[in-house]
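Text of the file structure_8.tsv, holding TSV, C-alpha atoms:
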chain	number	residue	atom	x	y	z
A	54	MET	CA	44.57	94.93	35.31
A	55	THR	CA	45.43	98.57	36.06
A	56	VAL	CA	45.09	101.21	33.36
A	57	PHE	CA	48.90	101.48	33.15
A	58	ASP	CA	49.29	97.71	32.76
A	59	GLU	CA	46.64	97.74	30.04
A	60	LEU	CA	48.46	100.50	28.13
A	61	LYS	CA	51.62	98.44	28.35
A	62	THR	CA	49.92	95.20	27.33
A	63	ARG	CA	48.32	96.88	24.33
A	64	GLY	CA	51.74	98.10	23.14
A	65	LEU	CA	50.91	101.79	23.48
A	66	LEU	CA	53.84	102.97	25.61
A	67	ALA	CA	57.15	104.07	24.12
A	68	GLN	CA	59.36	106.37	26.29
A	69	LEU	CA	58.65	107.56	29.85
A	70	THR	CA	60.49	110.02	32.09
A	71	ASP	CA	59.62	108.17	35.33
A	72	GLU	CA	57.64	104.96	34.98
A	73	GLU	CA	56.81	104.49	38.66
A	74	GLU	CA	55.53	108.05	39.15
A	75	ILE	CA	53.51	107.98	35.93
A	76	LYS	CA	52.02	104.61	36.90
A	77	GLU	CA	51.03	105.97	40.33
A	78	LEU	CA	49.39	109.08	38.89
A	79	ILE	CA	47.34	107.54	36.08
A	80	ASN	CA	46.28	104.43	38.03
A	81	ASN	CA	44.85	106.64	40.77
A	82	GLY	CA	43.22	109.22	38.47
A	83	LYS	CA	45.63	111.96	39.62
A	84	ALA	CA	46.99	112.95	36.23
A	85	THR	CA	45.99	116.15	34.50
A	86	PHE	CA	47.65	115.55	31.15
A	87	TYR	CA	47.81	117.28	27.83
A	88	ILE	CA	48.25	116.25	24.23
A	89	GLY	CA	48.94	118.83	21.54
A	90	PHE	CA	47.11	119.05	18.22
A	91	ASP	CA	48.26	121.27	15.36
A	92	PRO	CA	45.19	122.81	13.68
A	93	THR	CA	46.63	122.40	10.18
A	94	ALA	CA	43.34	121.09	8.69
A	95	ASP	CA	39.63	121.26	9.46
A	96	SER	CA	39.52	117.60	10.44
A	97	LEU	CA	41.50	115.15	12.54
A	98	HIS	CA	42.78	112.05	10.75
A	99	VAL	CA	43.82	108.48	11.51
A	100	GLY	CA	47.24	109.73	12.64
A	101	HIS	CA	45.47	111.29	15.65
A	102	PHE	CA	43.71	108.06	16.56
A	103	MET	CA	46.31	106.89	19.07
A	104	ALA	CA	46.12	110.15	21.01
A	105	LEU	CA	42.30	110.18	21.02
A	106	CYS	CA	42.10	106.59	22.25
A	107	LEU	CA	44.67	107.29	24.97
A	108	MET	CA	42.71	110.33	26.14
A	109	LYS	CA	39.55	108.24	26.31
A	110	ARG	CA	41.22	105.40	28.26
A	111	LEU	CA	42.77	107.75	30.80
A	112	GLN	CA	39.60	109.80	31.26
A	113	MET	CA	37.70	106.57	31.92
A	114	ALA	CA	40.21	105.94	34.75
A	115	GLY	CA	39.45	109.36	36.33
A	116	ASN	CA	42.28	111.43	34.80
A	117	ARG	CA	41.65	114.84	33.21
A	118	PRO	CA	42.66	115.36	29.55
A	119	ILE	CA	43.61	118.74	28.12
A	120	ALA	CA	43.48	119.02	24.34
A	121	LEU	CA	45.97	121.77	23.58
A	122	ILE	CA	45.31	123.35	20.22
A	123	GLY	CA	48.39	124.94	18.70
A	124	GLY	CA	46.80	128.19	17.59
A	125	GLY	CA	50.06	130.01	18.35
A	126	THR	CA	52.61	127.37	17.40
A	127	GLY	CA	50.50	126.58	14.33
A	128	MET	CA	51.59	129.94	12.99
A	129	ILE	CA	55.17	128.62	13.04
A	130	GLY	CA	54.98	124.89	12.41
A	131	ASP	CA	56.57	121.91	14.12
A	132	PRO	CA	59.70	120.70	12.26
A	133	SER	CA	59.45	117.21	13.81
A	134	GLY	CA	59.37	114.51	11.15
A	135	ARG	CA	59.27	116.99	8.29
A	136	SER	CA	61.62	117.88	5.48
A	137	ASP	CA	59.83	121.10	4.54
A	138	LEU	CA	58.50	124.23	6.23
A	139	ARG	CA	54.82	124.10	7.17
A	140	THR	CA	52.45	126.58	5.59
A	141	MET	CA	51.48	129.32	8.04
A	142	MET	CA	47.73	129.84	8.58
A	143	THR	CA	45.52	132.79	9.37
A	144	LYS	CA	43.91	133.25	12.78
A	145	GLU	CA	40.43	132.72	11.28
A	146	THR	CA	41.42	129.40	9.69
A	147	ILE	CA	42.93	128.18	12.95
A	148	GLU	CA	39.77	129.10	14.93
A	149	HIS	CA	37.57	127.27	12.42
A	150	ASN	CA	39.77	124.17	12.60
A	151	CYS	CA	39.68	124.22	16.40
A	152	GLU	CA	35.87	124.09	16.37
A	153	CYS	CA	35.95	121.13	13.99
A	154	PHE	CA	38.47	119.32	16.23
A	155	LYS	CA	36.37	119.75	19.36
A	156	LYS	CA	33.29	118.30	17.68
A	157	GLN	CA	35.22	115.21	16.56
A	158	MET	CA	37.03	114.79	19.90
A	159	SER	CA	33.67	114.83	21.71
A	160	ARG	CA	33.01	111.35	20.36
A	161	PHE	CA	35.97	110.14	22.40
A	162	ILE	CA	36.09	112.34	25.51
A	163	GLU	CA	33.68	114.41	27.59
A	164	PHE	CA	34.41	118.13	27.78
A	165	GLY	CA	33.66	120.51	30.62
A	166	ASP	CA	34.03	124.28	30.96
A	167	THR	CA	35.52	124.67	34.42
A	168	LEU	CA	38.46	123.49	36.50
A	169	GLU	CA	36.25	121.88	39.11
A	170	GLU	CA	38.51	120.02	41.53
A	171	GLY	CA	38.37	116.25	41.22
A	172	SER	CA	36.61	116.40	37.85
A	173	SER	CA	37.88	114.36	34.92
A	174	LYS	CA	36.06	116.43	32.30
A	175	ALA	CA	38.34	117.47	29.48
A	176	LEU	CA	39.37	121.00	28.59
A	177	MET	CA	40.27	122.44	25.21
A	178	VAL	CA	42.91	125.15	25.47
A	179	ASN	CA	44.53	127.24	22.74
A	180	ASN	CA	48.19	128.22	23.21
A	181	ALA	CA	47.51	131.40	21.24
A	182	ASP	CA	46.09	132.69	24.54
A	183	TRP	CA	49.59	133.13	25.96
A	184	LEU	CA	51.87	133.02	22.92
A	185	MET	CA	50.37	135.76	20.76
A	186	ASP	CA	51.02	138.61	23.20
A	187	LEU	CA	54.52	137.64	24.31
A	188	ASN	CA	57.18	140.33	24.63
A	189	TYR	CA	60.17	138.92	22.77
A	190	ILE	CA	62.89	140.47	24.95
A	191	GLU	CA	61.19	139.34	28.16
A	192	PHE	CA	60.60	135.87	26.71
A	193	ILE	CA	64.18	135.15	25.69
A	194	ARG	CA	65.50	136.61	28.94
A	195	ASP	CA	63.06	134.70	31.13
A	196	ILE	CA	62.64	131.43	29.18
A	197	GLY	CA	65.32	131.25	26.47
A	198	VAL	CA	68.11	131.42	29.06
A	199	HIS	CA	67.21	127.88	30.20
A	200	PHE	CA	67.87	126.26	26.80
A	201	SER	CA	71.27	125.17	25.46
A	202	VAL	CA	71.62	125.61	21.70
A	203	ASN	CA	74.21	122.83	21.56
A	204	ARG	CA	71.81	120.44	23.27
A	205	MET	CA	68.86	121.49	21.12
A	206	LEU	CA	70.79	120.77	17.93
A	207	THR	CA	71.24	117.14	19.01
A	208	ALA	CA	67.45	116.63	18.93
A	209	GLU	CA	66.34	114.31	16.12
A	210	CYS	CA	63.66	116.75	14.89
A	211	TYR	CA	66.31	119.41	14.21
A	212	LYS	CA	68.85	117.00	12.72
A	213	GLN	CA	66.42	116.07	9.95
A	214	ARG	CA	65.77	119.70	9.04
A	215	MET	CA	69.42	120.78	9.24
A	216	GLU	CA	70.14	118.95	5.99
A	217	LYS	CA	67.76	121.20	4.02
A	218	GLY	CA	68.03	124.25	6.22
A	219	LEU	CA	66.45	124.92	9.59
A	220	SER	CA	64.95	128.39	9.87
A	221	PHE	CA	65.21	130.38	13.10
A	222	LEU	CA	61.41	130.42	13.06
A	223	GLU	CA	61.31	126.63	13.39
A	224	PHE	CA	64.22	126.59	15.83
A	225	ASN	CA	61.98	128.37	18.33
A	226	TYR	CA	59.42	125.57	18.29
A	227	MET	CA	60.96	123.48	21.08
A	228	ILE	CA	61.16	126.51	23.38
A	229	MET	CA	57.55	127.45	22.67
A	230	GLN	CA	56.26	123.91	23.22
A	231	SER	CA	58.18	123.74	26.49
A	232	TYR	CA	56.64	127.07	27.46
A	233	ASP	CA	53.20	125.57	26.73
A	234	PHE	CA	53.84	122.86	29.34
A	235	LEU	CA	54.96	125.48	31.87
A	236	LYS	CA	51.81	127.60	31.33
A	237	LEU	CA	49.53	124.56	31.51
A	238	TYR	CA	51.22	123.52	34.76
A	239	GLU	CA	50.77	126.98	36.25
A	240	ASN	CA	47.22	127.63	34.97
A	241	TYR	CA	45.61	124.18	35.08
A	242	GLY	CA	47.77	122.00	37.32
A	243	CYS	CA	48.81	119.95	34.29
A	244	ASN	CA	51.48	117.53	35.53
A	245	MET	CA	51.95	115.31	32.51
A	246	GLN	CA	52.38	115.50	28.74
A	247	PHE	CA	51.71	112.72	26.26
A	248	GLY	CA	52.57	112.74	22.58
A	249	GLY	CA	53.92	110.82	19.63
A	250	ASP	CA	57.34	109.23	19.93
A	251	ASP	CA	58.78	111.83	17.53
A	252	GLN	CA	58.00	114.54	20.14
A	253	TRP	CA	60.30	113.18	22.86
A	254	SER	CA	62.92	115.95	22.69
A	255	ASN	CA	60.30	118.71	22.84
A	256	MET	CA	58.57	117.03	25.78
A	257	LEU	CA	61.78	116.69	27.77
A	258	GLY	CA	62.35	120.41	27.21
A	259	GLY	CA	59.04	121.10	28.97
A	260	THR	CA	59.71	118.91	32.01
A	261	GLU	CA	63.15	120.50	32.39
A	262	LEU	CA	61.76	124.04	32.10
A	263	ILE	CA	59.19	123.35	34.83
A	264	ARG	CA	61.92	121.97	37.08
A	265	ARG	CA	64.18	124.99	36.49
A	266	LYS	CA	61.48	127.66	36.79
A	267	LEU	CA	59.24	126.21	39.49
A	268	GLY	CA	61.34	123.55	41.20
A	269	LYS	CA	58.50	121.07	40.53
A	270	ASP	CA	58.34	117.65	38.89
A	271	ALA	CA	56.34	117.07	35.73
A	272	TYR	CA	56.28	113.98	33.57
A	273	ALA	CA	56.26	112.98	29.92
A	274	MET	CA	55.33	109.81	28.09
A	275	THR	CA	55.34	109.09	24.38
A	276	ILE	CA	52.86	106.89	22.56
A	277	THR	CA	53.97	104.30	20.05
A	278	LEU	CA	53.54	105.61	16.51
A	279	LEU	CA	50.92	103.77	14.45
A	280	LEU	CA	53.08	102.01	11.87
A	281	ASN	CA	52.25	99.10	9.59
A	282	SER	CA	54.33	95.93	9.29
A	283	GLU	CA	56.53	97.70	6.70
A	284	GLY	CA	57.39	100.50	9.14
A	285	LYS	CA	55.27	103.13	7.35
A	286	LYS	CA	52.77	105.42	9.10
A	287	MET	CA	49.22	104.15	8.80
A	288	GLY	CA	46.34	106.34	7.74
A	289	LYS	CA	47.37	107.13	4.18
A	290	THR	CA	45.74	105.99	0.95
A	291	GLN	CA	46.41	106.76	-2.70
A	292	LYS	CA	43.92	109.63	-2.34
A	293	GLY	CA	45.67	111.00	0.79
A	294	ALA	CA	44.86	110.97	4.49
A	295	VAL	CA	42.03	108.96	6.04
A	296	TRP	CA	40.00	111.70	7.76
A	297	LEU	CA	37.55	111.49	10.67
A	298	ASP	CA	35.26	114.02	8.95
A	299	PRO	CA	32.60	112.04	7.01
A	300	GLY	CA	32.60	114.77	4.38
A	301	LYS	CA	36.26	114.05	3.60
A	302	THR	CA	36.30	110.27	4.14
A	303	SER	CA	32.86	108.64	4.12
A	304	PRO	CA	32.01	106.10	6.85
A	305	PHE	CA	32.08	103.43	4.13
A	306	GLU	CA	35.57	104.42	2.96
A	307	PHE	CA	36.72	104.67	6.58
A	308	TYR	CA	35.36	101.18	7.28
A	309	GLN	CA	37.01	99.80	4.15
A	310	TYR	CA	40.39	101.27	5.08
A	311	TRP	CA	40.47	99.17	8.26
A	312	ARG	CA	38.83	96.17	6.57
A	313	ASN	CA	41.73	96.12	4.14
A	314	VAL	CA	44.68	96.32	6.57
A	315	ALA	CA	47.39	93.71	6.09
A	316	ASP	CA	47.07	90.39	7.92
A	317	ALA	CA	50.23	91.25	9.88
A	318	ASP	CA	48.68	94.49	11.21
A	319	VAL	CA	45.15	93.53	12.24
A	320	LEU	CA	45.90	92.18	15.75
A	321	LYS	CA	48.19	95.12	16.54
A	322	CYS	CA	45.46	97.58	15.49
A	323	LEU	CA	42.85	95.73	17.55
A	324	ARG	CA	45.07	95.98	20.63
A	325	MET	CA	46.10	99.60	20.19
A	326	LEU	CA	42.91	101.19	18.90
A	327	THR	CA	39.85	99.29	20.07
A	328	PHE	CA	38.31	98.98	23.52
A	329	LEU	CA	37.63	95.26	23.18
A	330	PRO	CA	38.84	93.21	26.18
A	331	ILE	CA	42.47	92.22	25.78
A	332	GLU	CA	41.52	88.57	26.46
A	333	GLN	CA	39.18	88.59	23.45
A	334	ILE	CA	41.94	89.99	21.22
A	335	ASP	CA	44.47	87.46	22.53
A	336	GLU	CA	42.01	84.73	21.53
A	337	MET	CA	42.07	86.09	17.95
A	338	ASP	CA	45.86	85.65	17.94
A	339	ARG	CA	45.25	82.00	17.10
A	340	TRP	CA	43.06	82.82	14.11
A	341	GLU	CA	44.35	82.00	10.64
A	342	GLY	CA	43.26	82.24	7.02
A	343	SER	CA	39.64	83.31	6.55
A	344	GLN	CA	39.32	83.95	10.29
A	345	LEU	CA	41.66	86.93	9.84
A	346	ASN	CA	39.05	88.48	7.56
A	347	GLN	CA	36.59	88.17	10.43
A	348	ALA	CA	39.11	89.94	12.70
A	349	LYS	CA	39.42	92.73	10.11
A	350	GLU	CA	35.63	93.13	10.04
A	351	ILE	CA	35.61	93.43	13.82
A	352	LEU	CA	38.40	96.03	13.68
A	353	ALA	CA	36.65	98.04	10.94
A	354	PHE	CA	33.29	97.95	12.74
A	355	GLU	CA	34.70	98.94	16.14
A	356	LEU	CA	36.70	101.90	14.80
A	357	THR	CA	33.91	103.13	12.53
A	358	LYS	CA	31.55	102.96	15.52
A	359	LEU	CA	33.99	105.02	17.60
A	360	VAL	CA	34.24	107.76	14.99
A	361	HIS	CA	30.84	107.77	13.27
A	362	GLY	CA	28.50	105.96	15.64
A	363	GLU	CA	26.99	102.47	15.64
A	364	GLU	CA	24.35	103.13	12.99
A	365	GLU	CA	26.87	104.37	10.42
A	366	ALA	CA	29.20	101.48	11.27
A	367	ARG	CA	26.43	98.97	10.66
A	368	LYS	CA	25.46	100.61	7.35
A	369	ALA	CA	29.08	100.56	6.20
A	370	GLN	CA	29.45	96.91	7.18
A	371	GLU	CA	26.26	95.90	5.36
A	372	SER	CA	27.30	97.79	2.22
A	373	ALA	CA	30.76	96.21	2.28
A	374	ARG	CA	29.37	92.71	2.76
A	375	ALA	CA	26.86	93.19	-0.03
A	376	LEU	CA	29.57	94.45	-2.38
A	377	PHE	CA	31.98	91.63	-1.68
A	378	SER	CA	29.44	88.81	-1.56
A	379	GLY	CA	28.91	89.07	-5.29
A	380	GLY	CA	25.87	91.35	-5.20
A	381	THR	CA	25.53	95.10	-5.24
A	382	GLY	CA	23.18	95.36	-2.26
A	383	SER	CA	21.61	98.63	-1.28
A	384	GLY	CA	24.99	100.31	-1.03
A	385	ALA	CA	23.51	103.20	0.92
A	386	ASP	CA	26.87	104.08	2.42
A	387	MET	CA	29.00	103.28	-0.62
A	388	PRO	CA	31.06	106.16	-2.08
A	389	THR	CA	29.08	107.53	-5.01
A	390	SER	CA	29.86	109.59	-8.09
A	391	GLU	CA	27.05	111.38	-9.87
A	392	LEU	CA	27.20	112.07	-13.59
A	393	SER	CA	25.35	114.90	-15.29
A	394	GLU	CA	23.84	115.11	-18.75
A	395	SER	CA	26.90	117.04	-19.95
A	396	ASP	CA	29.08	113.96	-19.29
A	397	PHE	CA	27.31	112.08	-22.09
A	398	GLN	CA	28.11	112.48	-25.78
A	399	ASP	CA	25.43	111.43	-28.25
A	400	GLY	CA	23.47	110.05	-25.31
A	401	ALA	CA	26.18	107.71	-24.00
A	402	ILE	CA	29.46	107.54	-22.07
A	403	ASP	CA	32.11	104.83	-22.47
A	404	ILE	CA	33.67	102.82	-19.66
A	405	LEU	CA	36.87	104.87	-19.85
A	406	GLY	CA	34.87	108.05	-19.25
A	407	ILE	CA	33.10	106.48	-16.28
A	408	LEU	CA	36.40	105.40	-14.72
A	409	VAL	CA	37.81	108.92	-15.06
A	410	LYS	CA	34.65	110.80	-13.99
A	411	SER	CA	34.26	108.60	-10.91
A	412	GLY	CA	37.88	109.15	-9.87
A	413	LEU	CA	38.80	105.47	-10.16
A	414	THR	CA	41.53	106.42	-12.65
A	415	ALA	CA	43.36	109.67	-13.23
A	416	SER	CA	43.26	109.56	-17.02
A	417	ARG	CA	41.74	107.75	-19.98
A	418	SER	CA	45.07	106.07	-20.74
A	419	GLU	CA	45.19	104.69	-17.18
A	420	ALA	CA	41.57	103.57	-17.57
A	421	ARG	CA	42.38	101.85	-20.87
A	422	ARG	CA	45.21	99.88	-19.23
A	423	ALA	CA	42.96	98.85	-16.34
A	424	VAL	CA	40.30	97.49	-18.74
A	425	GLU	CA	42.81	95.76	-21.02
A	426	GLN	CA	44.46	94.09	-18.01
A	427	GLY	CA	41.12	92.68	-16.85
A	428	GLY	CA	40.90	94.78	-13.73
A	429	VAL	CA	37.51	96.47	-14.25
A	430	THR	CA	34.05	95.11	-13.43
A	431	VAL	CA	30.59	96.68	-13.56
A	432	ASP	CA	27.98	95.05	-11.30
A	433	ASP	CA	30.40	92.10	-10.92
A	434	GLU	CA	30.76	91.53	-14.68
A	435	LYS	CA	34.25	91.90	-16.10
A	436	ILE	CA	34.55	94.57	-18.79
A	437	GLY	CA	36.91	93.62	-21.61
A	438	ASP	CA	35.96	96.12	-24.29
A	439	ILE	CA	37.15	99.71	-23.87
A	440	LYS	CA	34.28	100.86	-26.11
A	441	THR	CA	31.55	99.56	-23.78
A	442	LEU	CA	28.87	102.27	-23.58
A	443	TYR	CA	26.40	103.27	-20.88
A	444	ARG	CA	23.28	105.38	-21.26
A	445	PRO	CA	21.61	107.66	-18.66
A	446	GLU	CA	18.75	105.22	-18.03
A	447	GLN	CA	21.28	102.53	-16.98
A	448	LEU	CA	22.58	104.86	-14.26
A	449	ALA	CA	19.15	105.85	-12.94
A	450	GLY	CA	18.05	104.82	-9.45
A	451	ASP	CA	20.78	102.85	-7.67
A	452	GLY	CA	23.06	103.16	-10.71
A	453	ILE	CA	25.93	100.76	-11.29
A	454	VAL	CA	28.81	99.58	-9.09
A	455	VAL	CA	32.14	100.04	-10.87
A	456	ARG	CA	35.15	98.31	-9.46
A	457	ARG	CA	38.80	98.75	-10.39
A	458	GLY	CA	40.98	96.04	-8.88
A	459	LYS	CA	39.96	94.49	-5.56
A	460	LYS	CA	39.69	97.53	-3.33
A	461	ASN	CA	38.63	100.52	-5.46
A	462	TYR	CA	34.97	100.92	-6.31
A	463	LYS	CA	32.26	103.53	-6.75
A	464	ARG	CA	28.53	103.56	-7.23
A	465	VAL	CA	27.94	105.66	-10.36
A	466	THR	CA	24.54	107.26	-10.73
A	467	MET	CA	22.80	110.08	-12.55
A	468	GLY	CA	22.76	113.38	-10.64
For the structure just supplied, provide its representation as structure tokens.
Amino acid sequence: MTVFDELKTRGLLAQLTDEEEIKELINNGKATFYIGFDPTADSLHVGHFMALCLMKRLQMAGNRPIALIGGGTGMIGDPSGRSDLRTMMTKETIEHNCECFKKQMSRFIEFGDTLEEGSSKALMVNNADWLMDLNYIEFIRDIGVHFSVNRMLTAECYKQRMEKGLSFLEFNYMIMQSYDFLKLYENYGCNMQFGGDDQWSNMLGGTELIRRKLGKDAYAMTITLLLNSEGKKMGKTQKGAVWLDPGKTSPFEFYQYWRNVADADVLKCLRMLTFLPIEQIDEMDRWEGSQLNQAKEILAFELTKLVHGEEEARKAQESARALFSGGTGSGADMPTSELSESDFQDGAIDILGILVKSGLTASRSEARRAVEQGGVTVDDEKIGDIKTLYRPEQLAGDGIVVRRGKKNYKRVTMG
């Protein structure tokens, strides 16, 4: 199976400008392609997973990835898929975020420092290098003349923002992203752009600009967005995004996110995100009932291994199995909350206080409801009395495992 056929079989492809040309380039390792990343945080998250996996697959086939960091466009903000204006960041914040991105991306792709011909080593490029020093008059005369305002306003990303007000700042985004593609083509021989399906209009702008300015062909392909069976973007929890940085989302929490995906989503995630042979995943298509839990464990282990390494994946798996087999296990990788002496009154803290201090509930009233509804256990024993007290010595050592509902739990110890 060719790399293009595998992308298709795994359900990764959405829209393409020229399927036959793209197939020819990527199957023969002739694509130098870029994917853009907005440095809006100091960590990548699950929403970036599709792009990272695609970069890895294509590099394995001999193609060269370029990770384009939007240091320049990040000072404006992409209106695609948003109903509000993005917060603008300082140059220092953007540079810090770029360093964090490269470290995380290095688990997926191999970076190099030069444009050695025939090499598939990835490059990280910052569009601030050519956007920050632009002369506005020259830019609109040389680049802006190739864009029709009427046509731009038909783009879905602008339609959504028009209802609440589209600023001229944001309106420039498509032109700037198209200019990125032109500069990457000229400077690095980049002949292809990949991105999320919500970027299609911006990507077409780039291929058209290259054709008009250089008389050359460039190509664009969008990746299927990672949506669950309800049509919502995956990678969000009640606490927010699922991050790749272990300091923001621990390997255990990351593992548990994938272990808890819906039955209807597990096979799709295995196809799109793991590097398991497609035949092995097709075999799982016949699995039912408890076998689906085994498929979820495989998914969680494979993705945690990709992001955090095999050792952390194994620790997370062992902790999860110990927790859900009725015992507390070592729980070395379990999310932990540490209490201090000041959290205790008269030498004790009640179960409501523990639920709040550990972050399992937002307030004592929410904690009270959880206990009264039978949804709270400590070391697998249901807690029915809201006045249940715990003393510092009970939280010493490994502490206690507090669970709220089926999927929310913390190890609570003394700091």
Point (52.9, 109.2, 21.4), cut-off 8 Å, counting all atoms listed in the file, residues as an MDAnalysis selection string:
chainID A and resid 65:67 103:104 247:252 274:278
List the neighbours of Leu267 (chain A) out to 9 Å using all atoms listed in the file; skip same-chain residues closer than 4 positions along the sequence, and give me the result as number ranges by chain.
A: 235, 262-263
Write out as a VMD selection string the residues lying within 8 Å of Arg117 (chain A), counting only C-alpha atoms and excluding same-chain residues fewer than 4 positions away.
chain A and resid 82 84 to 86 111 to 112 172 to 175
Can you tell me, as number ranges by chain, what residues are no more than 6 Å from region 179-191 of chain A when counting only C-alpha atoms, ignoring any on the same chain fewer than 6 positions away?
A: 121-125
Got a sec to check which residues sit within 12 Å of (40.1, 96.4, -5.7), counting all atoms listed in the file, and write them as a ChimeraX atom specification?
/A:309-310,313,376-377,413,423,427-430,433,455-463
A:Tyr226, A:Phe57, A:Phe397, A:Phe164 ranked by distance to Ile75 (chain A), top pick (using only C-alpha atoms):
A:Phe57
For Met54 (chain A), the closest of A:Ala315, A:Cys322, A:Ile331, A:Leu168 counting all atoms listed in the file is A:Ile331
Using only C-alpha atoms, which residue out of A:Leu326, A:Ala271, A:Ile402, A:Leu69 lies closest to Val360 (chain A)?
A:Leu326
Go ahead and compute the interatomic distance for CA of Arg444 (chain A) and CA of Gly400 (chain A), in Å to one decimal.
6.2 Å
Would you kindly return, as a PyMOL selection string, each protein, DNA or RNA residue with an atom no farther than 9 Å from any atom of region 149-155 of chain A, considering all atoms listed in the file and excluding same-chain residues fewer than 2 positions away?
chain A and resi 90+92-97+120+122+124+144-147+157-159+164+177+179+298
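Interatomic distance, CA of Arg194 (chain A) to CA of Arg264 (chain A): 17.1 Å.
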Extract, using only C-alpha atoms, all DNA, RNA and protein residues at most 10 Å from Gly406 (chain A), discarding same-chain residues fewer than 2 positions from it, and format them as a ChimeraX atom specification.
/A:396-397,401-404,408-412,414,416-417,420-421,439-440,442-443
Could you state the separation of CA of Glu363 (chain A) and CA of Arg339 (chain A) in Å, given to one decimal place?
27.5 Å
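Taking only C-alpha atoms into account, Met325 (chain A) lies nearest to A:Leu352 out of the set A:Thr302, A:Leu352, A:Gln426, A:Lys358.
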Counting all atoms listed in the file, which of A:Gly89, A:Pro330, A:Gly100, A:Gly437 gets nearest to Arg422 (chain A)?
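Selected residue with least distance to Arg422 (chain A): A:Gly437.
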Calculated over all atoms listed in the file, which of the candidates A:Leu356, A:Tyr308, A:Leu392, A:Glu341 has the smallest distance to Leu329 (chain A)?
A:Leu356
How would region 180-194 of chain A of the given structure read as a file with C-alpha atoms, as a compact mmCIF listing (two decimals), in the first residue's frame?
# COMPACT_ATOMS: atom_id res chain seq x y z
CA ASN A 180 7.07 33.62 9.39
CA ALA A 181 8.11 36.59 11.52
CA ASP A 182 11.35 36.41 9.51
CA TRP A 183 9.64 37.91 6.46
CA LEU A 184 6.43 39.44 7.84
CA MET A 185 7.80 41.72 10.55
CA ASP A 186 9.81 43.96 8.23
CA LEU A 187 7.29 44.30 5.40
CA ASN A 188 6.73 47.69 3.81
CA TYR A 189 2.95 48.10 3.76
CA ILE A 190 2.71 50.09 0.52
CA GLU A 191 4.98 47.68 -1.33
CA PHE A 192 3.10 44.69 0.09
CA ILE A 193 -0.39 45.76 -0.96
CA ARG A 194 0.88 46.87 -4.36
